[in-house]
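Structure file model24.csv (CSV, C-alpha atoms and all ligand atoms) is printed below.
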```csv
chain,number,residue,atom,x,y,z
A,2,MET,CA,29.4,14.4,19.0
A,3,SER,CA,32.7,14.1,20.8
A,4,GLU,CA,35.9,15.2,18.9
A,5,GLU,CA,36.6,11.5,18.2
A,6,ILE,CA,34.3,10.0,15.6
A,7,LYS,CA,33.4,6.4,16.5
A,8,VAL,CA,33.1,4.3,13.3
A,9,GLY,CA,31.5,0.8,12.9
A,10,VAL,CA,32.0,-1.3,9.8
A,11,VAL,CA,29.5,-3.9,8.7
A,12,GLY,CA,30.8,-6.6,6.3
A,13,CYS,CA,34.2,-8.1,7.0
A,14,GLY,CA,34.5,-10.1,3.7
A,15,TYR,CA,36.8,-9.2,0.9
A,16,TRP,CA,36.6,-5.4,0.9
A,17,GLY,CA,35.4,-4.5,4.5
A,18,PRO,CA,38.8,-5.2,6.1
A,19,ASN,CA,40.3,-2.5,3.9
A,20,LEU,CA,37.8,0.0,5.3
A,21,ILE,CA,38.5,-1.3,8.8
A,22,ARG,CA,42.3,-0.9,8.4
A,23,ASN,CA,41.9,2.7,7.2
A,24,PHE,CA,39.4,3.8,9.8
A,25,SER,CA,41.5,2.2,12.5
A,26,GLY,CA,44.5,4.2,11.4
A,27,LEU,CA,43.0,7.7,10.8
A,28,PRO,CA,43.5,10.5,13.4
A,29,GLY,CA,40.3,11.8,15.1
A,30,CYS,CA,38.6,8.5,14.6
A,31,ARG,CA,38.1,5.3,16.5
A,32,LEU,CA,37.2,1.9,15.1
A,33,ALA,CA,34.5,1.1,17.7
A,34,ALA,CA,32.8,-2.0,16.3
A,35,VAL,CA,32.7,-4.5,13.4
A,36,CYS,CA,29.7,-6.6,12.3
A,37,ASP,CA,29.4,-9.7,10.2
A,38,VAL,CA,27.2,-12.8,10.2
A,39,SER,CA,30.3,-14.9,9.9
A,40,ARG,CA,31.8,-15.9,13.3
A,41,GLU,CA,35.0,-16.8,11.6
A,42,ARG,CA,35.4,-13.4,10.0
A,43,LEU,CA,34.6,-11.7,13.4
A,44,GLU,CA,37.2,-13.8,15.2
A,45,HIS,CA,39.8,-12.9,12.5
A,46,MET,CA,39.0,-9.2,13.0
A,47,SER,CA,39.2,-9.4,16.8
A,48,ARG,CA,42.6,-11.0,16.5
A,49,LEU,CA,43.8,-8.1,14.3
A,50,TYR,CA,42.1,-5.3,16.2
A,51,ALA,CA,42.2,-6.1,19.9
A,52,GLY,CA,39.4,-4.5,21.9
A,53,VAL,CA,37.1,-3.9,19.0
A,54,ALA,CA,33.5,-4.8,19.7
A,55,CYS,CA,32.2,-7.6,17.5
A,56,PHE,CA,28.6,-8.1,16.5
A,57,ASP,CA,27.0,-11.0,14.5
A,58,ASN,CA,23.7,-9.2,14.3
A,59,PHE,CA,23.2,-5.9,12.5
A,60,ASP,CA,20.3,-4.6,14.7
A,61,ARG,CA,22.2,-5.2,17.9
A,62,PHE,CA,25.3,-3.5,16.2
A,63,LEU,CA,23.2,-0.4,15.5
A,64,LYS,CA,21.6,-0.3,19.0
A,65,GLU,CA,24.6,-1.2,21.2
A,66,SER,CA,27.8,-0.2,19.4
A,67,GLY,CA,27.5,3.5,20.2
A,68,CYS,CA,28.9,4.4,16.8
A,69,ASP,CA,28.5,7.9,15.3
A,70,ALA,CA,29.0,6.5,11.8
A,71,VAL,CA,28.5,3.2,10.0
A,72,ALA,CA,30.4,2.0,6.9
A,73,ILE,CA,28.5,-0.7,4.9
A,74,ALA,CA,30.6,-3.3,2.9
A,75,THR,CA,28.0,-6.1,2.5
A,76,PRO,CA,26.5,-7.5,-0.7
A,77,VAL,CA,24.5,-4.9,-2.7
A,78,TYR,CA,21.0,-6.2,-1.9
A,79,LEU,CA,21.7,-5.3,1.8
A,80,HIS,CA,22.9,-1.7,1.2
A,81,TYR,CA,19.5,0.0,1.4
A,82,LYS,CA,18.2,-2.4,4.1
A,83,MET,CA,21.2,-1.4,6.3
A,84,ALA,CA,21.7,2.2,5.4
A,85,CYS,CA,18.0,3.1,6.0
A,86,PRO,CA,17.9,2.0,9.8
A,87,ALA,CA,21.4,3.4,10.3
A,88,LEU,CA,20.3,6.9,9.1
A,89,GLU,CA,17.0,6.6,11.0
A,90,SER,CA,19.0,5.9,14.2
A,91,GLY,CA,21.0,9.2,13.6
A,92,LYS,CA,24.2,7.7,12.2
A,93,HIS,CA,26.3,9.1,9.3
A,94,VAL,CA,26.5,6.5,6.6
A,95,PHE,CA,29.2,5.4,4.1
A,96,ILE,CA,28.0,2.8,1.6
A,97,GLU,CA,30.2,0.8,-0.7
A,98,LYS,CA,29.6,1.0,-4.4
A,99,PRO,CA,27.1,0.5,-6.0
A,100,MET,CA,25.0,2.5,-3.6
A,101,ALA,CA,21.9,0.3,-3.7
A,102,SER,CA,19.9,-2.1,-5.9
A,103,SER,CA,17.7,0.7,-7.5
A,104,SER,CA,17.7,4.4,-8.0
A,105,LYS,CA,14.4,4.5,-6.0
A,106,GLU,CA,16.3,3.2,-3.0
A,107,CYS,CA,19.1,5.7,-3.5
A,108,ASP,CA,16.5,8.6,-3.7
A,109,ALA,CA,15.0,7.4,-0.4
A,110,LEU,CA,18.4,7.4,1.3
A,111,VAL,CA,19.3,10.8,-0.1
A,112,GLU,CA,16.1,12.2,1.3
A,113,LEU,CA,16.5,10.6,4.7
A,114,ALA,CA,20.0,11.8,5.1
A,115,ALA,CA,19.0,15.4,4.1
A,116,GLU,CA,16.0,15.4,6.6
A,117,ARG,CA,18.3,14.3,9.4
A,118,SER,CA,21.3,16.5,8.4
A,119,LEU,CA,23.5,13.4,8.2
A,120,THR,CA,26.5,12.7,5.9
A,121,LEU,CA,25.8,10.1,3.3
A,122,MET,CA,28.7,9.1,1.1
A,123,VAL,CA,29.3,6.3,-1.5
A,124,GLY,CA,32.5,4.4,-1.9
A,125,HIS,CA,33.5,5.4,-5.4
A,126,THR,CA,37.1,4.9,-4.5
A,127,PHE,CA,38.7,5.9,-7.8
A,128,LEU,CA,37.6,9.5,-7.4
A,129,TYR,CA,40.0,9.7,-4.5
A,130,SER,CA,42.9,8.3,-6.4
A,131,ALA,CA,45.8,10.5,-7.5
A,132,PRO,CA,45.7,9.5,-11.2
A,133,VAL,CA,42.0,10.2,-11.6
A,134,ARG,CA,42.4,13.5,-9.8
A,135,LYS,CA,45.2,14.3,-12.2
A,136,ILE,CA,43.1,13.5,-15.2
A,137,LYS,CA,40.3,15.8,-13.8
A,138,GLU,CA,42.9,18.5,-13.3
A,139,ILE,CA,44.2,18.2,-16.9
A,140,VAL,CA,40.7,18.2,-18.3
A,141,GLN,CA,39.7,21.3,-16.3
A,142,ALA,CA,42.9,23.1,-17.4
A,143,GLY,CA,41.7,22.6,-21.0
A,144,THR,CA,45.0,21.5,-22.4
A,145,ILE,CA,43.5,18.4,-24.0
A,146,GLY,CA,40.8,20.4,-25.6
A,147,ASP,CA,37.2,19.2,-25.5
A,148,ILE,CA,36.6,15.5,-24.7
A,149,ARG,CA,35.6,13.5,-27.7
A,150,TYR,CA,35.3,10.1,-26.1
A,151,VAL,CA,36.5,7.9,-23.3
A,152,SER,CA,37.1,4.2,-23.5
A,153,SER,CA,37.8,1.9,-20.6
A,154,ARG,CA,38.7,-1.7,-20.0
A,155,ARG,CA,38.5,-3.5,-16.6
A,156,LEU,CA,39.2,-7.1,-17.2
A,157,ASN,CA,40.4,-10.0,-15.0
A,158,LEU,CA,39.7,-13.6,-14.1
A,159,GLY,CA,37.0,-13.6,-11.3
A,160,LEU,CA,35.9,-12.6,-8.6
A,161,PHE,CA,32.5,-14.0,-9.6
A,162,GLN,CA,29.6,-12.4,-7.6
A,163,LYS,CA,26.5,-14.4,-6.8
A,164,ASP,CA,23.9,-11.5,-6.6
A,165,ILE,CA,25.1,-9.1,-9.3
A,166,ASN,CA,26.5,-9.3,-12.8
A,167,VAL,CA,29.8,-7.9,-14.0
A,168,VAL,CA,28.2,-4.5,-15.0
A,169,TRP,CA,26.9,-3.9,-11.4
A,170,ASP,CA,30.2,-5.2,-10.0
A,171,LEU,CA,33.0,-3.6,-12.1
A,172,ALA,CA,31.4,-0.9,-14.3
A,173,PRO,CA,30.5,1.4,-11.3
A,174,HIS,CA,34.2,2.3,-11.0
A,175,ASP,CA,34.4,3.4,-14.7
A,176,ILE,CA,30.9,5.0,-14.7
A,177,SER,CA,31.9,7.1,-11.7
A,178,ILE,CA,35.2,8.1,-13.2
A,179,VAL,CA,33.7,9.0,-16.6
A,180,ASN,CA,30.8,11.0,-15.0
A,181,TYR,CA,33.4,12.9,-12.9
A,182,ILE,CA,35.7,13.8,-15.8
A,183,MET,CA,32.9,14.6,-18.2
A,184,ASP,CA,31.3,16.6,-15.3
A,185,ALA,CA,27.9,15.2,-16.5
A,186,ALA,CA,25.8,12.1,-16.4
A,187,PRO,CA,24.9,10.2,-19.6
A,188,THR,CA,21.5,10.8,-21.2
A,189,ALA,CA,21.3,7.3,-22.8
A,190,VAL,CA,23.1,4.0,-22.8
A,191,ASN,CA,23.2,0.7,-24.5
A,192,CYS,CA,24.6,-2.5,-23.1
A,193,GLN,CA,25.4,-6.0,-24.4
A,194,GLY,CA,26.7,-9.0,-22.5
A,195,GLU,CA,26.7,-12.7,-22.0
A,196,ALA,CA,26.6,-15.1,-19.1
A,197,HIS,CA,29.0,-18.0,-19.6
A,198,VAL,CA,29.7,-19.4,-16.2
A,199,THR,CA,26.6,-18.7,-14.0
A,200,GLN,CA,23.2,-18.8,-15.7
A,201,GLY,CA,21.6,-15.3,-15.8
A,202,ILE,CA,24.6,-13.5,-14.4
A,203,GLU,CA,26.6,-11.8,-17.2
A,204,ASP,CA,30.3,-12.2,-16.9
A,205,VAL,CA,31.4,-10.0,-19.8
A,206,SER,CA,29.7,-6.8,-21.0
A,207,SER,CA,30.1,-3.8,-23.2
A,208,LEU,CA,28.4,-0.6,-22.1
A,209,ALA,CA,28.1,2.5,-24.3
A,210,MET,CA,27.2,5.8,-22.6
A,211,PHE,CA,26.0,8.9,-24.6
A,212,PHE,CA,26.7,12.3,-23.1
A,213,PRO,CA,25.4,15.8,-24.1
A,214,GLY,CA,27.4,17.5,-26.8
A,215,GLY,CA,28.1,14.3,-28.8
A,216,ARG,CA,30.5,13.0,-26.2
A,217,PHE,CA,30.7,9.3,-25.8
A,218,ALA,CA,32.2,6.6,-23.5
A,219,MET,CA,32.5,2.8,-23.8
A,220,ILE,CA,33.2,0.4,-21.0
A,221,HIS,CA,34.3,-3.1,-21.4
A,222,SER,CA,34.0,-5.2,-18.2
A,223,SER,CA,34.9,-8.9,-17.7
A,224,TRP,CA,35.4,-11.5,-15.1
A,225,LEU,CA,36.5,-13.9,-17.8
A,226,ASP,CA,39.8,-12.6,-19.2
A,227,PRO,CA,43.2,-14.2,-18.9
A,228,LYS,CA,44.9,-10.8,-18.4
A,229,LYS,CA,44.2,-8.2,-15.7
A,230,VAL,CA,43.6,-4.9,-17.5
A,231,ARG,CA,42.8,-1.5,-15.9
A,232,GLU,CA,43.0,1.0,-18.7
A,233,MET,CA,41.3,4.1,-19.7
A,234,THR,CA,41.8,6.4,-22.7
A,235,VAL,CA,40.5,10.0,-22.8
A,236,VAL,CA,40.5,11.4,-26.3
A,237,GLY,CA,40.4,15.2,-26.5
A,238,THR,CA,40.4,17.5,-29.5
A,239,LYS,CA,44.0,18.6,-28.8
A,240,GLU,CA,45.6,15.8,-26.7
A,241,MET,CA,45.0,12.3,-25.5
A,242,ILE,CA,45.5,10.7,-22.1
A,243,LEU,CA,46.2,7.1,-21.4
A,244,TYR,CA,45.6,5.9,-17.8
A,245,ASP,CA,47.0,2.5,-16.9
A,246,ASP,CA,46.2,1.8,-13.2
A,247,LEU,CA,48.5,-1.3,-13.2
A,248,GLU,CA,51.6,0.8,-14.1
A,249,PRO,CA,53.7,1.2,-10.9
A,250,LEU,CA,54.9,4.7,-11.7
A,251,GLN,CA,53.8,6.2,-15.0
A,252,LYS,CA,50.1,5.6,-14.5
A,253,ILE,CA,49.2,8.5,-16.8
A,254,LYS,CA,50.7,9.4,-20.1
A,255,ILE,CA,49.6,12.5,-22.0
A,256,TYR,CA,50.0,12.3,-25.8
A,257,ASP,CA,50.2,15.5,-27.8
A,258,GLN,CA,48.4,13.9,-30.7
A,259,ARG,CA,45.4,14.7,-32.7
A,260,VAL,CA,43.7,14.5,-36.1
A,261,GLU,CA,42.3,17.6,-37.8
A,262,ARG,CA,40.2,17.9,-40.9
A,263,PRO,CA,41.0,21.0,-42.9
A,264,PRO,CA,37.9,23.2,-43.3
A,265,HIS,CA,38.7,24.0,-47.0
A,266,TYR,CA,40.9,22.2,-49.5
A,267,ASP,CA,42.3,23.0,-53.0
A,268,THR,CA,45.0,20.4,-53.4
A,269,TYR,CA,45.1,16.6,-52.7
A,270,ALA,CA,47.7,17.3,-49.9
A,271,GLU,CA,45.3,19.7,-48.2
A,272,PHE,CA,42.4,17.2,-48.7
A,273,THR,CA,44.1,14.5,-46.6
A,274,TYR,CA,43.4,14.7,-42.9
A,275,SER,CA,46.2,16.3,-40.9
A,276,TYR,CA,47.8,14.1,-38.2
A,277,HIS,CA,49.7,15.7,-35.5
A,278,TYR,CA,52.3,13.6,-33.6
A,279,GLY,CA,53.9,15.5,-30.7
A,280,ASP,CA,55.6,14.4,-27.5
A,281,MET,CA,54.4,12.2,-24.8
A,282,HIS,CA,54.9,13.1,-21.1
A,283,ALA,CA,54.0,11.3,-17.9
A,284,PRO,CA,53.2,13.7,-15.0
A,285,ARG,CA,54.3,12.8,-11.5
A,286,ILE,CA,51.6,11.1,-9.5
A,287,ASP,CA,51.6,10.9,-5.7
A,288,GLN,CA,51.5,7.4,-4.2
A,289,VAL,CA,48.7,7.7,-1.6
A,290,GLU,CA,46.2,5.0,-0.8
A,291,PRO,CA,42.9,6.2,-2.4
A,292,LEU,CA,40.9,4.5,0.3
A,293,ARG,CA,42.7,6.4,3.0
A,294,VAL,CA,41.9,9.7,1.3
A,295,GLU,CA,38.3,8.5,0.9
A,296,CYS,CA,37.8,7.5,4.5
A,297,GLY,CA,39.5,10.8,5.6
A,298,HIS,CA,37.1,12.7,3.4
A,299,PHE,CA,34.1,10.9,5.0
A,300,LEU,CA,35.3,11.9,8.5
A,301,ASP,CA,36.0,15.5,7.3
A,302,CYS,CA,32.5,15.8,5.9
A,303,ILE,CA,31.0,14.6,9.2
A,304,ARG,CA,33.0,17.1,11.1
A,305,THR,CA,32.3,20.1,8.8
A,306,GLY,CA,28.9,19.2,7.4
A,307,LYS,CA,30.3,19.7,3.8
A,308,ARG,CA,28.9,17.7,0.9
A,309,PRO,CA,31.0,14.6,0.0
A,310,LEU,CA,32.5,14.5,-3.5
A,311,THR,CA,30.8,11.1,-3.9
A,312,ASP,CA,27.5,12.0,-2.2
A,313,GLY,CA,24.2,10.2,-2.4
A,314,ARG,CA,23.2,12.0,-5.6
A,315,SER,CA,26.4,11.0,-7.5
A,316,GLY,CA,25.9,7.4,-6.2
A,317,ARG,CA,22.3,7.6,-7.5
A,318,ASP,CA,23.5,8.8,-10.9
A,319,VAL,CA,25.7,5.7,-11.2
A,320,VAL,CA,22.9,3.4,-10.2
A,321,ARG,CA,20.6,5.0,-12.8
A,322,VAL,CA,23.2,4.1,-15.5
A,323,LEU,CA,23.3,0.5,-14.1
A,324,GLU,CA,19.5,0.3,-14.2
A,325,ALA,CA,19.4,1.5,-17.8
A,326,ALA,CA,22.2,-0.9,-18.7
A,327,SER,CA,20.2,-3.8,-17.2
A,328,GLU,CA,17.1,-2.8,-19.2
A,329,SER,CA,19.3,-2.6,-22.3
A,330,LEU,CA,20.8,-6.0,-21.6
A,331,GLY,CA,17.3,-7.4,-21.4
A,332,ARG,CA,16.4,-5.9,-24.7
A,333,GLN,CA,19.5,-7.2,-26.6
A,334,GLY,CA,21.4,-4.0,-26.4
A,335,ALA,CA,18.7,-1.5,-27.3
A,336,ARG,CA,19.4,2.2,-26.6
A,337,VAL,CA,17.8,3.2,-23.3
A,338,GLU,CA,17.3,6.8,-22.0
A,339,VAL,CA,18.8,7.3,-18.6
B,401,LIG,N1,35.4,0.3,-3.6
B,401,LIG,C1,36.0,-0.8,-4.1
B,401,LIG,O1,37.0,-0.7,-4.8
B,401,LIG,C2,35.4,-2.1,-3.8
B,401,LIG,C3,36.1,-3.3,-4.1
B,401,LIG,C4,35.5,-4.5,-3.8
B,401,LIG,C5,34.2,-4.6,-3.3
B,401,LIG,N2,33.5,-3.4,-3.1
B,401,LIG,C6,32.1,-3.4,-2.6
B,401,LIG,O2,32.1,-3.8,-1.2
B,401,LIG,C7,30.9,-4.5,-1.0
B,401,LIG,C8,31.2,-5.9,-0.4
B,401,LIG,O3,31.9,-6.7,-1.3
B,401,LIG,P1,32.9,-7.9,-1.0
B,401,LIG,O4,33.5,-8.3,-2.2
B,401,LIG,O5,33.6,-7.5,0.2
B,401,LIG,O6,31.8,-9.0,-0.6
B,401,LIG,P2,32.0,-10.3,0.3
B,401,LIG,O7,30.9,-11.2,0.0
B,401,LIG,O8,33.4,-10.7,0.3
B,401,LIG,O9,31.8,-9.7,1.8
B,401,LIG,C9,30.5,-9.4,2.3
B,401,LIG,C10,30.5,-9.7,3.8
B,401,LIG,O10,29.2,-9.3,4.3
B,401,LIG,C11,28.8,-10.2,5.3
B,401,LIG,N3,27.4,-10.2,5.5
B,401,LIG,C12,26.4,-10.7,4.7
B,401,LIG,N4,25.2,-10.6,5.2
B,401,LIG,C13,25.4,-9.9,6.4
B,401,LIG,C14,24.5,-9.4,7.3
B,401,LIG,N5,23.2,-9.6,7.2
B,401,LIG,N6,25.0,-8.8,8.4
B,401,LIG,C15,26.3,-8.6,8.6
B,401,LIG,N7,27.2,-9.0,7.6
B,401,LIG,C16,26.8,-9.7,6.5
B,401,LIG,C17,29.3,-11.6,4.7
B,401,LIG,O11,29.4,-12.6,5.7
B,401,LIG,C18,30.7,-11.2,4.2
B,401,LIG,O12,31.7,-11.3,5.1
B,401,LIG,C19,30.1,-4.6,-2.3
B,401,LIG,O13,29.2,-3.5,-2.4
B,401,LIG,C20,31.2,-4.4,-3.3
B,401,LIG,O14,30.8,-3.8,-4.5
B,401,LIG,C21,34.1,-2.2,-3.3
```

For the structure just supplied, provide its representation as structure tokens.
Amino acid sequence: MSEEIKVGVVGCGYWGPNLIRNFSGLPGCRLAAVCDVSRERLEHMSRLYAGVACFDNFDRFLKESGCDAVAIATPVYLHYKMACPALESGKHVFIEKPMASSSKECDALVELAAERSLTLMVGHTFLYSAPVRKIKEIVQAGTIGDIRYVSSRRLNLGLFQKDINVVWDLAPHDISIVNYIMDAAPTAVNCQGEAHVTQGIEDVSSLAMFFPGGRFAMIHSSWLDPKKVREMTVVGTKEMILYDDLEPLQKIKIYDQRVERPPHYDTYAEFTYSYHYGDMHAPRIDQVEPLRVECGHFLDCIRTGKRPLTDGRSGRDVVRVLEAASESLGRQGARVEV
């Protein structure tokens, strides 16, 4: 491969243009081609990026664009169908979240990429964001103690998807963050939800994930809420972290608060639980676009052959949780092993 990595992006709908913008601006990379079945979207892209080759057919895009790497930002049911021939034709592949429609498809892609020594990366964007990186750093430093539980809320009005429910659309962000900060995948889940707007497609859900060591996470996802909310709380044995992604500056607040139960007690005062209220502080968070870091990491992994932070296996782990959540939804919230 020449020094300059030629990237092609398929899917120029809502999210694809963000990938296109980032790949077109990164050093050592050239946006060589874009692909979409919509002529209108292609015309819009060619107005923004003069000289970029436009394809309305994916097979021709693969054969004729001369790309070294392909980024896929199409609806989820197409991820495997596009990633598979892209890898088979020797291209490095970046797939938007969720990686595919089933863990079986994910496994096949992981195997194919390994056989061909190609980079396979999944777009779990939040793992490239400064606040999530900061939370990971704090958890690893041990100052918050052991994680007891994580709770997350991702709510808004819309965007309603036609092919996937709110769990497959929004929860992948939270699942990937929780797996990352817990440094583990859940062993079991239960999930409840309801479809109010489109029959059979849940627009509100509550997902519980059970991790080894009694650790727990709960994720509330909704397309049907009047207020946009992007909040996560990480409760440790010594401290607690509140992450609000909508805060412009203080996205993370660390609370020196905890509750302890005395091991022995003789008096009533000792019997009562001890509440510790300490200070709150908000660490400085860099303002860098996570998607730029993510796209740069993909290019770096292609150049060096190193394993992406969000590789195919971690993408597969998220899809496994989604599959178990779907099974649980179908069984009225029963507990399902992952
Ligand atoms: N990482 C993130 O934060 C983030 C945010 C939003 C969406 N996404 C993901 O990005 C992906 C795309 O989502 P979206 O909201 O942009 O969807 P979208 O429906 O807005 O866009 C999909 C595009 O794919 C095109 N397309 C459909 N079939 C095609 C085909 N056969 N060949 C070429 N193009 C085709 C459509 O014309 C459309 O322009 C999804 O996997 C979604 O989960 C990720």

(message) Using all atoms listed in the file, which residues have at least one atom no more than 6 Å from ligand LIG 401 (chain B)? Output them as a count of residues only.
(response) 23

(request) Find the spatial neighbours of A:Val71, counting all atoms listed in the file, within a cut-off of 6 Å - ignore same-chain residues fewer than 4 positions away - and output them as a ChimeraX atom specification. (result) /A:8-10,94

(request) Just the residues within 6 Å of stretch 218-232 of chain A, please, counting all atoms listed in the file, with nothing from its chain fewer than 3 positions along; format it as a PyMOL selection string. (result) chain A and resi 150-159+204-210+244-246

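Taking all atoms listed in the file, the non-local environment of stretch 301-306 of chain A within 6 Å (same-chain residues fewer than 2 positions away omitted) comprises Thr120, His298 and Phe299 of chain A.
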
Could you give me, as a Markdown table, every stretch 160-203 of chain A residue with an atom at most 12 Å from stretch 78-93 of chain A, plus its closest atom pair and distance in Å to one decimal, counting all atoms listed in the file, rows ordered by chain then number?
```
| residue | atom | partner | partner_atom | distance |
| --- | --- | --- | --- | --- |
| A:Lys163 | CA | A:Tyr78 | CA | 11.0 |
| A:Asp164 | CA | A:Tyr78 | CA | 7.7 |
| A:Ile165 | CA | A:Tyr78 | CA | 8.9 |
| A:Trp169 | CA | A:Tyr78 | CA | 11.4 |
```

(request) May I have the protein, DNA and RNA residues with an atom at most 12 Å from (46.2, -3.8, 6.8), counting only C-alpha atoms in the file's coordinates, returned as a list in words? (result) Trp16, Gly17, Pro18, Asn19, Leu20, Ile21, Arg22, Asn23, Phe24, Ser25, Gly26, Met46, Leu49, Tyr50, Glu290, Leu292 and Arg293 of chain A

(message) Just checking: using all atoms listed in the file, which residue out of A:Asp108, A:Tyr129, A:Leu247, A:Ser118 ends up closest to A:Gly297?
(response) A:Tyr129

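Remark: for A:Arg321, the closest of the candidate residues A:Asn166, A:Ala114, A:Val339, A:Val236 is A:Val339 (distances computed over all atoms listed in the file).
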
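Distances from A:Val235, A:Gln193, A:Val337, A:Cys68 to A:Cys30 were compared using only C-alpha atoms, and the smallest one belongs to A:Cys68.
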
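Among A:Phe127, A:Phe56, A:Phe217, A:Tyr181, the residue with the shortest atom-to-atom distance to A:Glu295, counting all atoms listed in the file, is A:Phe127.
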
(message) Applying 10 Å and only C-alpha atoms, which residues near A:Met100 remain after dropping the ones on its own chain fewer than 2 positions away? List them as a PyMOL selection string.
(response) chain A and resi 73+77-78+80-81+84+95-98+102-104+106-107+110+122-125+173+312-320

(message) Ranking A:Leu63, A:Ala70, A:Val289, A:Ile255 by minimum distance to A:Ile139 and counting all atoms listed in the file, which one comes first?
(response) A:Ile255

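With atom CA of A:Gln251 on one side and atom CA of A:His277 on the other, the separation reads 23.0 Å.
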